[in-house]
Each structure stands twice: as structure tokens, then as C-alpha cells.
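The structure appears right after this line, and notes come after that.
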Amino acid sequence: MTAPIALTSGDPSGVGLEIALRAWDELREKLPFFLIADYDYMRELAQQSGHAVVQITTPDETRAAAKTGLPVLHCPFVERPNIGVEHPQNAISTIASIDQAVEFTKSGQASAVCTLPINKKVLHDGAGFAYPGHTEYLAHLGGVDRSFMMLLAPELRVVPVTIHIALADVQSALTPELLIATITATHGALQRDFGVKNPRLAVAGLNPHAGEGGAMGHDEIEMIRPTLDQLRSAGLDITGPLPADTMFHPAAREKYDTAICMYHDQALIPLKTLNFSEGVNTTLGLPFIRTSPDHGTAFDIAGRGIADARSLIAALKCAGQMAKNRARYDAK
Amino acid sequence: MTKLKPRIAIIPGDPSGIGPELIAKLLNEEGVCEAADIVLIGDAHIWEQGASQADLNVDLSQIEEADVGKSSGLSWLSMDTIDPIDVKISEVTVAGGTSSLRCLDKALDLAMAGDVDGVLFGPFNKAALTSAGLNAEDEHRYMARYLNFEGYHSEINVLDDLMTTRVTSHIGLRDVAEKITGEGVERAIGLAEETLKRAGKMRPHIAVAALNPHAGDNGKFGREEIDILQPVIESVRAKQKNVSGPWPSDTVFLKAQRGEVDAVVTMYHDQGQIAIKLMGFDRGVTVAGGLPIPVATPAHGTAFDIAGLNKANVGATLQAFNLLVRMAQNHRAERAAN
């Protein structure tokens, strides 16, 4: 039986903890996960929303506890969070929750980490957190130099090669080396974590009409195609570079398992337009499995009971499925 | 006031592709021949080819060019643009390109003379057009030049009730950012508004997409939103236009899906085209935005892979026709008023 999933507290003033309670309500013992957060605060929150929490002291109590309430492993908040308010004092609590979750995966007590949204400014102000985001911090904890972002929904999986950079900087950031690393990591993750035996990858061009033979940019001819050819000759099943605008309609999507995109919005426009509610973010290239819901802290709607838990539920399910696939793959 | 029935010229597009078949199917769709007076422009054998490909009947009642402006119902202006033996299904041919251009020229002439109120064309093949002497970046530029039109014009992509215009179009991605100017954005907003009004939407809501991921995240990944887009949107809004943005482009199309916006002004080709083609690959329409006469066509191409097989989906052509009828009605009313 695979170990439970460790869910981090994220920013306790955002929507994370309320959707964690609702995710438990939906999943219960079907998919064991435990939350690393302040137990006393969670009990208060659960009472308000008519949910239940159960304090656990080790992750292996998760399965039994999940029958009656959301299992919570106590990790104290420095001060009681007010919903929708920045609490820099709680930054160290948020970071501790992440650290502990990663530790549990290292010891095998957790099968995956699922992270609730953080507020980077709060972490920076309260704890001098110097990482641009969750992903970079997790890479640091995992001892790797870089990682890759996959976004997925039932309809589509996408991996952008460049991510949070200005559009003006995309072209110069694209290198054969980065393309190869991204494709290789995606191919590996599809086999090991997604149970895809022979992954089929579709790679988008950078330019409109994939450059149309050089009429609108030479990146496809000079860089992308030769790099893909190299990977193809190494045996990978890759199509492309394809015109990005005709890659994502239903018939086109049937022909590949994951789309590799050159920039953030090339990947995110199709994903979010297809499925805004159930998008999941997963980080490839870490030594442990990590997923997260594809939204932020949403301070503006926190505490009102209207935050949508579907993305978190999808992220937890995805983490559980990835853990199972990985265990099966590694056992071979 | 009852709307005047517009008169629409229809040309088949490239005879090697699915255009003739699509027009035959269009004419047999319920309500089409009642919605407008229709003038088919093209060689008899091409229309017969389309009818035979679609396994449908196309009624050819010939009229003279001088009578086009008085015609009603479905009529046909005969052309002699291509020899039947030169029609090669699913092939790029100079003859096919020449036929496309000659029919287009005739339709544009009739529209400029006021004999028809709009032009619908079946898919062209760009390589064929180019080989036949298009001598322009695309058919939109060709039409503008043919009409001696020097104002701002640009292809507009339409899906159902959503239009998208672009600030930049067929250029490499590396060149996009530097081509985003306040002037260009304002023009694209204006084109969207003008075209929506021509289609009968009198106070359209126009959303402007951001250039950078997360709309730049307060300048962290690019400053174009702060330096260019926000100021131009504010200045346009001060002119009482219903314009909003810059919106992160990965969620702006959700607003469109919810019916909250009538147009999205995009910064680059794929930003809008990815979403439009994803949401309705079979229904997309292209409008020649800015031209003095209404022109529309299905967004898809000649589909050589299914040409002649009676597999072509008439959906986008029908959408193009319906939109063109609305634009042509307003065009006719405007001309009558002037």
C-alpha cells in the first residue's frame, strides 16, 4: 500500500485550508492525505464549516484518521491567521510545513507532496524567503538544479519550456540544451509517473504557422527541428515543430500524450481554456512527487466558503496516481 | 424597420480544394437562399463539380453582369477562368490560383459598384494564389490593394459571437514585443469595435489581452502592460468605449466563453488563434476587417486531404455566410442612408 500524501499548509490566510477541509470531505479514506498545519486553528476552522479534523502524530495514522476527519499533523502557526490578511510572522510556519512534507517523502512516510498556495511576498517579508516561488524552493530541498512544470487536466497535459519570463525574452532563452532537458524529463515522467509506456510528444513551434518555412522566424529551421531530429534519432516519439494554433483541438490532441510548448501562454491558453477548474500543476525533475492546485491564495474570496476545491482534489488524485505508477514502475 | 435583404456574391475559392463542395452544401442549407439574394460568380463546370462532389443540386440561373444589381433570389454570373481539364483536385496549380483571383476580382468590382453588398469566398490556396501572381502577403493585402484602400485593415478571426483582432500578425515571435505600440493597440481596438458594429453589435465590450504571462505580474516579467497597455486602455475608455484589460491571456478567453466580452484584442497571432481553433475548429470564420466592403470566408483552408470526398463540414461556411449577411445588411442600409 502506498504511503499517504503530505499536504502543506500554504499561506494560512488564503483559501488553502478551507479547500483542504472540503477535499477531505470528498476524498476521505479513498485517497489518504494529511495536512501539515496548526491543529488548534484547523479544529476551529473545521467547526465553523461543519467539517472534522483528527490530530495525528505520524503519517502512518492517516488512513485510520481519515475516516472521521481531515488528518492534521500539528505544525504550529506563530499567530492566529486572520483570513485574507498578510501575516509575515506565519512565514516560518508555512516554510516549516513544506520542509516537513519533503522530509516525509525522503523517509518514505509520505508518497508525494501536494502544496497549497503560498504568498511569496509574505514569505519574503516574514522570513527573507529568497526563492522566486515554490518550485525553486522544492528544487533546493530536493538537491536539484532545475525542474520543469507540467500542467494537466483530463483533456490535456502541457509542459512549457520557458515559464515566467517576459515574452520579449522567450526567443533568446530557448536553447537546444533546455529543449532536450525539458523533453527528456517529460518523456521520463510520462513513463515513470503517468504509466505511459511509449510516450508520444508533440512539440509546438515558436512562431506563427511554425515559422512557415522561415517566412515568420527561423527558430524552427535552425534550432527546434534539428534538436527534435536528434531526439528522434535517439528513439523518442516526437512530432513537430507544429503550428501551435492547430495542435489543441480535440482531434489533434488524440495524437499525443503531452504537448511541449515554447512559452507560458502557449501552454496555458489551451489548458485553461479547455478546463479552468481542474487544472493541476506538477513539478518534474524533483526526487519526489509534487503536485499543486493551479491557483493562488485568492485572499479576495478566502473565508467565504466559495473557493472551488476541484483543482486541489484533482491535484491530490493526481499525486496519488503518480505515486502508484511510480511504485509500480520502480518495482520492475 | 425591416432589414433590407442584402445581395451577396459568392465565389468558389480554389477549385482544387473543398470550396465548390462547401458552397453547394451551403446553398442547400435551410434558410440560406431566403436570407439574401445570392449571385454565384464562377465557371459553370466548377459549380457543377461542387454539386456533384456534394451530391446535391445547384441551380444555375444565368444573368448578365449589367443585371447583377437588380437580381433577386439565386442567380449565376458566368465566368471563364479555368479549363475543366486544368482542374486538378487536391493539387496546387497556377490555373487554380488564377481562377481564384479572377473570380475574386469580379466579386470585388461588383461590390465596389454597389451591385452586391458583401463577398463570401470559399477557401483559397495560398501557394496557388502566390504562383498565380498574388504579389501580396495574403489575400487581405491583395484585396486592399485591388480596392485602392490605404486605411488600416487586418484579418479578424471570429468564432460564434466572439471576434479577435491582433496587434501583430504574421511575424516571428522575437519581433512581437517591440511591435506592440499604443497606436497599434488602439487601432486593433478600433477595428474590433468598427467590425462588431458592422455586424450589428452597437456597444460592444472589448477585452484587451496582456502580452506577458500573468499580465507581467506587476512588471516582474515584462513592462509592456504597465508602460503601453494600461495607458492606452485608459485613454480609449475615456472616449466612452467599453474596453477592459490588460487581461492575462490564459484566462481572457474564459470571459468570452461566458459571453462577457464580444471581442478580444490579442497581441500576437497564436494568442488568439490557439483559443479560437481550440474552441471551435469547425466553426471559425475570417473577416477582412477594415475593408470598405464586407468580406468573409471560413477560417479553414482548402483541405486537400479530403477534397472531392464529400467529407467537408459546411459549419464554418454557414457561420461565415450568416455573419456576412448581418454585415451586408448594415452596409446596404448605410449606403442607402448616404
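By convention in this document, the chains of the C-alpha cells carry letters A, B, ... by their order, each chain's residues are numbered from 1, and ligands are numbered from 1 in the order they are shown.
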Excluding stretch 32-38 of chain A and residues on its chain fewer than 4 positions from it, collect all residues at most 7 Å away from it, counting only C-alpha atoms, and give them as a compact mmCIF listing (two decimals) with all heavy atoms, in the first residue's frame.
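So the final result, stored in result_26.txt, reads:
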# COMPACT_ATOMS: atom_id res chain seq x y z
N PRO A 4 0.65 7.76 2.51
CA PRO A 4 -0.26 8.88 2.24
C PRO A 4 0.45 10.06 1.61
O PRO A 4 1.67 10.13 1.59
CB PRO A 4 -0.79 9.23 3.64
CG PRO A 4 0.27 8.77 4.57
CD PRO A 4 0.87 7.54 3.94
N ILE A 5 -0.34 11.01 1.16
CA ILE A 5 0.19 12.24 0.55
C ILE A 5 0.29 13.30 1.64
O ILE A 5 -0.65 13.46 2.44
CB ILE A 5 -0.75 12.72 -0.56
CG1 ILE A 5 -0.87 11.66 -1.66
CG2 ILE A 5 -0.29 14.06 -1.14
CD1 ILE A 5 -2.11 11.80 -2.51
N ALA A 6 1.40 14.02 1.65
CA ALA A 6 1.57 15.12 2.60
C ALA A 6 1.09 16.41 1.94
O ALA A 6 1.58 16.78 0.87
CB ALA A 6 3.03 15.24 3.01
N LEU A 7 0.13 17.08 2.59
CA LEU A 7 -0.39 18.35 2.07
C LEU A 7 0.13 19.48 2.94
O LEU A 7 -0.07 19.47 4.16
CB LEU A 7 -1.93 18.32 2.10
CG LEU A 7 -2.66 19.58 1.63
CD1 LEU A 7 -2.40 19.87 0.15
CD2 LEU A 7 -4.17 19.44 1.89
N THR A 8 0.79 20.44 2.32
CA THR A 8 1.35 21.56 3.09
C THR A 8 0.27 22.60 3.38
O THR A 8 -0.76 22.65 2.69
CB THR A 8 2.50 22.24 2.32
OG1 THR A 8 1.95 22.88 1.17
CG2 THR A 8 3.54 21.22 1.88
N SER A 9 0.53 23.44 4.37
CA SER A 9 -0.50 24.42 4.79
C SER A 9 -0.63 25.57 3.80
O SER A 9 -1.67 26.20 3.72
CB SER A 9 -0.16 24.99 6.16
OG SER A 9 0.98 25.84 6.07
N ARG A 28 -11.96 11.51 1.69
CA ARG A 28 -11.92 10.67 2.89
C ARG A 28 -10.88 9.57 2.78
O ARG A 28 -9.76 9.81 2.37
CB ARG A 28 -13.31 10.09 3.18
CG ARG A 28 -14.37 11.19 3.19
CD ARG A 28 -15.17 11.16 4.43
NE ARG A 28 -16.06 12.34 4.46
CZ ARG A 28 -16.95 12.57 5.38
NH1 ARG A 28 -17.13 11.72 6.38
NH2 ARG A 28 -17.69 13.65 5.35
N MET A 42 -6.97 24.56 12.87
CA MET A 42 -7.75 23.74 11.94
C MET A 42 -9.05 23.25 12.59
O MET A 42 -10.08 23.14 11.93
CB MET A 42 -6.92 22.53 11.45
CG MET A 42 -5.86 22.88 10.44
SD MET A 42 -6.45 23.91 9.05
CE MET A 42 -7.65 22.82 8.28
N THR A 62 -2.65 8.19 9.18
CA THR A 62 -3.54 8.91 8.27
C THR A 62 -4.76 8.12 7.87
O THR A 62 -5.89 8.60 7.94
CB THR A 62 -2.76 9.32 7.00
OG1 THR A 62 -1.68 10.15 7.39
CG2 THR A 62 -3.66 10.08 6.02
N ARG A 63 -4.53 6.90 7.43
CA ARG A 63 -5.61 6.11 6.86
C ARG A 63 -6.76 5.91 7.85
O ARG A 63 -7.93 6.11 7.50
CB ARG A 63 -5.05 4.75 6.42
CG ARG A 63 -5.77 4.11 5.27
CD ARG A 63 -4.97 2.92 4.75
NE ARG A 63 -3.76 3.32 4.04
CZ ARG A 63 -3.72 3.56 2.73
NH1 ARG A 63 -4.80 3.42 1.99
NH2 ARG A 63 -2.60 3.94 2.16
N ALA A 66 -8.50 9.37 8.65
CA ALA A 66 -9.24 9.99 7.54
C ALA A 66 -10.69 9.54 7.48
O ALA A 66 -11.51 10.17 6.81
CB ALA A 66 -8.55 9.69 6.22
N LEU A 70 -10.32 15.25 8.70
CA LEU A 70 -9.08 15.54 7.98
C LEU A 70 -7.90 15.31 8.92
O LEU A 70 -7.81 15.98 9.97
CB LEU A 70 -9.10 17.01 7.52
CG LEU A 70 -7.76 17.56 6.97
CD1 LEU A 70 -7.36 16.86 5.68
CD2 LEU A 70 -7.87 19.06 6.73
N PRO A 71 -6.99 14.41 8.58
CA PRO A 71 -5.84 14.17 9.45
C PRO A 71 -4.90 15.37 9.43
O PRO A 71 -4.50 15.83 8.36
CB PRO A 71 -5.17 12.94 8.84
CG PRO A 71 -6.18 12.34 7.91
CD PRO A 71 -7.00 13.48 7.43
N VAL A 72 -4.58 15.87 10.61
CA VAL A 72 -3.71 17.04 10.71
C VAL A 72 -2.49 16.70 11.55
O VAL A 72 -2.63 16.24 12.70
CB VAL A 72 -4.44 18.24 11.34
CG1 VAL A 72 -3.49 19.45 11.47
CG2 VAL A 72 -5.67 18.62 10.51
N LEU A 73 -1.33 16.92 10.99
CA LEU A 73 -0.09 16.76 11.73
C LEU A 73 0.30 18.15 12.21
O LEU A 73 0.47 19.06 11.41
CB LEU A 73 0.98 16.18 10.80
CG LEU A 73 2.18 15.58 11.51
CD1 LEU A 73 2.02 14.06 11.53
CD2 LEU A 73 3.47 15.95 10.82
N HIS A 74 0.38 18.29 13.52
CA HIS A 74 0.50 19.63 14.10
C HIS A 74 1.81 20.32 13.72
O HIS A 74 2.90 19.79 13.93
CB HIS A 74 0.37 19.54 15.62
CG HIS A 74 0.33 20.88 16.29
ND1 HIS A 74 -0.59 21.86 15.97
CD2 HIS A 74 1.10 21.41 17.29
CE1 HIS A 74 -0.39 22.93 16.72
NE2 HIS A 74 0.64 22.68 17.54
N CYS A 75 1.68 21.52 13.19
CA CYS A 75 2.82 22.37 12.86
C CYS A 75 2.34 23.78 13.20
O CYS A 75 1.55 24.36 12.45
CB CYS A 75 3.16 22.22 11.38
SG CYS A 75 4.43 23.32 10.77
N PRO A 76 2.72 24.30 14.37
CA PRO A 76 2.07 25.49 14.90
C PRO A 76 2.25 26.75 14.05
O PRO A 76 3.32 26.98 13.49
CB PRO A 76 2.72 25.68 16.28
CG PRO A 76 4.00 24.92 16.19
CD PRO A 76 3.79 23.80 15.23
N PHE A 77 1.18 27.53 13.94
CA PHE A 77 1.28 28.87 13.36
C PHE A 77 1.77 29.81 14.45
O PHE A 77 1.38 29.67 15.60
CB PHE A 77 -0.08 29.36 12.85
CG PHE A 77 -0.65 28.52 11.73
CD1 PHE A 77 -2.03 28.43 11.54
CD2 PHE A 77 0.18 27.82 10.86
CE1 PHE A 77 -2.56 27.65 10.52
CE2 PHE A 77 -0.35 27.04 9.83
CZ PHE A 77 -1.73 26.95 9.67
N SER A 97 6.13 23.79 7.18
CA SER A 97 5.19 22.80 6.66
C SER A 97 5.74 22.16 5.37
O SER A 97 5.66 20.94 5.18
CB SER A 97 3.85 23.48 6.41
OG SER A 97 2.96 22.61 5.76
Next on the checklist: Applying 8 Å and only C-alpha atoms, which residues near stretch 193-200 of chain B remain after dropping the ones on its own chain fewer than 5 positions away? List them as a ChimeraX atom specification.
Outcome noted: /B:163,206,262,289-290,323-324,326-327,330-331
Next on the checklist: Distance cut-off 10 Å, counting only C-alpha atoms - which residues of chain A neighbour chain B? Return them as a VMD selection string.
Outcome noted: chain A and resid 163 to 172 206 to 212 214 to 219 243 to 252 263 to 276
Next on the checklist: I need the residues of stretch 63-108 of chain B that end up classed as strand (DSSP E) by DSSP on the backbone, written out as number ranges by chain.
Outcome noted: B: 63, 74-78
Item to check | Per-residue DSSP, stretch 99-297 of chain B, filtered to helix (DSSP H, G or I), as a PyMOL selection string | outcome: chain B and resi 99-112+126-131+139-146+173-175+177-179+182-198+213-216+224-237+252-257+269-279
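Close contacts of A:Ser277, defined as residues with an atom at most 9 Å away when counting only C-alpha atoms, with chain neighbours fewer than 6 positions off set aside, comprise A:Ala153, A:Asp294, A:Asp308, A:Ala309, A:Arg310, A:Ser311.
Shell of B:Ala44 at 10 Å, with only C-alpha atoms counted and residues fewer than 6 places along the chain excluded, is B:Leu60, B:Gln62, B:Trp76, B:Leu77, B:Ser78, B:Met79, B:Asp80, B:Pro84.
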What would the file look like if the residues just selected were written as a CSV table (one decimal), in the first residue's frame with N, CA, C and O atoms?
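Final output, part-v1.csv:
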chain,number,residue,atom,x,y,z
B,60,LEU,N,-28.4,26.9,-61.5
B,60,LEU,CA,-27.7,28.0,-62.1
B,60,LEU,C,-28.6,28.7,-63.1
B,60,LEU,O,-28.9,28.3,-64.1
B,62,GLN,N,-28.6,31.9,-65.1
B,62,GLN,CA,-27.6,32.8,-65.6
B,62,GLN,C,-28.2,34.2,-65.7
B,62,GLN,O,-29.3,34.4,-66.2
B,76,TRP,N,-26.7,33.4,-61.2
B,76,TRP,CA,-25.3,33.0,-61.5
B,76,TRP,C,-24.7,33.9,-62.6
B,76,TRP,O,-25.3,34.1,-63.7
B,77,LEU,N,-23.5,34.4,-62.3
B,77,LEU,CA,-22.8,35.2,-63.3
B,77,LEU,C,-21.7,34.3,-63.9
B,77,LEU,O,-20.8,33.9,-63.1
B,78,SER,N,-21.8,34.0,-65.1
B,78,SER,CA,-20.8,33.0,-65.7
B,78,SER,C,-19.4,33.6,-65.9
B,78,SER,O,-19.3,34.8,-66.2
B,79,MET,N,-18.4,32.8,-65.6
B,79,MET,CA,-17.1,33.2,-65.8
B,79,MET,C,-16.4,32.2,-66.6
B,79,MET,O,-16.8,31.0,-66.7
B,80,ASP,N,-15.2,32.6,-67.2
B,80,ASP,CA,-14.4,31.6,-67.9
B,80,ASP,C,-13.0,31.7,-67.4
B,80,ASP,O,-12.2,32.4,-68.1
B,84,PRO,N,-11.8,23.0,-67.9
B,84,PRO,CA,-12.1,21.9,-67.0
B,84,PRO,C,-10.9,20.9,-66.8
B,84,PRO,O,-10.7,20.4,-65.8
Next on the checklist: Report, in Å with one decimal, the straight-line distance from atom CA of A:Pro287 to atom CA of A:Thr58.
Outcome noted: 21.9 Å
Checklist entry - So what do you get for atom CA of B:Asp59 versus atom CA of B:Leu74, distance-wise? => result 7.7 Å
Checklist entry - If we count only C-alpha atoms, what is near B:Pro15 at a cut-off of 12 Å, once residues fewer than 6 positions away on the same chain are taken out, given as a ChimeraX atom specification? => result /B:21-23,42-50,53,81-101,103,121-125,128-129,302-304,307-308
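For the residues A:Asn82, A:Thr105, A:Gln100, A:Thr68, ranking by smallest atom-to-atom distance to A:Val54 using only C-alpha atoms places A:Thr68 first.
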Checklist entry - Which value, in Å to one decimal, gives the distance between atom CA of B:Ala132 and atom CA of B:Ala299? => result 21.5 Å
Next on the checklist: List the spatial neighbours of B:Ile189 as a PyMOL selection string - criterion: any atom at most 9 Å away, only C-alpha atoms, same-chain residues fewer than 4 positions off excluded.
Outcome noted: chain B and resi 165-167+184-185+193-194+206-208+236+243+263-265
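Shell of B:Leu309 at 9 Å, with only C-alpha atoms counted and residues fewer than 2 places along the chain excluded, is B:Ile18, B:Gln53, B:Ala54, B:Asp305, B:Ile306, B:Ala307, B:Lys311, B:Ala312.
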Could you write out the selected residues, including N, CA, C and O atoms, as a compact mmCIF listing (two decimals), in the first residue's frame?
# COMPACT_ATOMS: atom_id res chain seq x y z
N ILE B 18 -11.87 22.16 -51.26
CA ILE B 18 -13.24 21.82 -50.87
C ILE B 18 -14.23 22.96 -51.09
O ILE B 18 -15.41 22.81 -50.79
N GLN B 53 -19.75 16.81 -56.26
CA GLN B 53 -18.97 16.38 -55.09
C GLN B 53 -19.85 16.26 -53.85
O GLN B 53 -19.68 15.37 -53.02
N ALA B 54 -20.78 17.22 -53.73
CA ALA B 54 -21.63 17.23 -52.54
C ALA B 54 -22.85 16.34 -52.71
O ALA B 54 -23.61 16.14 -51.77
N ASP B 305 -6.59 17.11 -48.24
CA ASP B 305 -6.67 15.70 -47.79
C ASP B 305 -8.07 15.12 -47.94
O ASP B 305 -8.23 13.90 -48.06
N ILE B 306 -9.11 15.99 -47.95
CA ILE B 306 -10.48 15.45 -48.10
C ILE B 306 -11.20 16.03 -49.31
O ILE B 306 -12.40 15.81 -49.48
N ALA B 307 -10.47 16.76 -50.16
CA ALA B 307 -11.13 17.38 -51.32
C ALA B 307 -11.72 16.30 -52.23
O ALA B 307 -11.08 15.29 -52.50
N LYS B 311 -16.60 15.00 -47.74
CA LYS B 311 -16.44 14.92 -46.29
C LYS B 311 -16.36 16.31 -45.65
O LYS B 311 -16.24 16.42 -44.44
N ALA B 312 -16.39 17.35 -46.47
CA ALA B 312 -16.17 18.69 -45.93
C ALA B 312 -17.37 19.14 -45.08
O ALA B 312 -18.52 18.93 -45.46
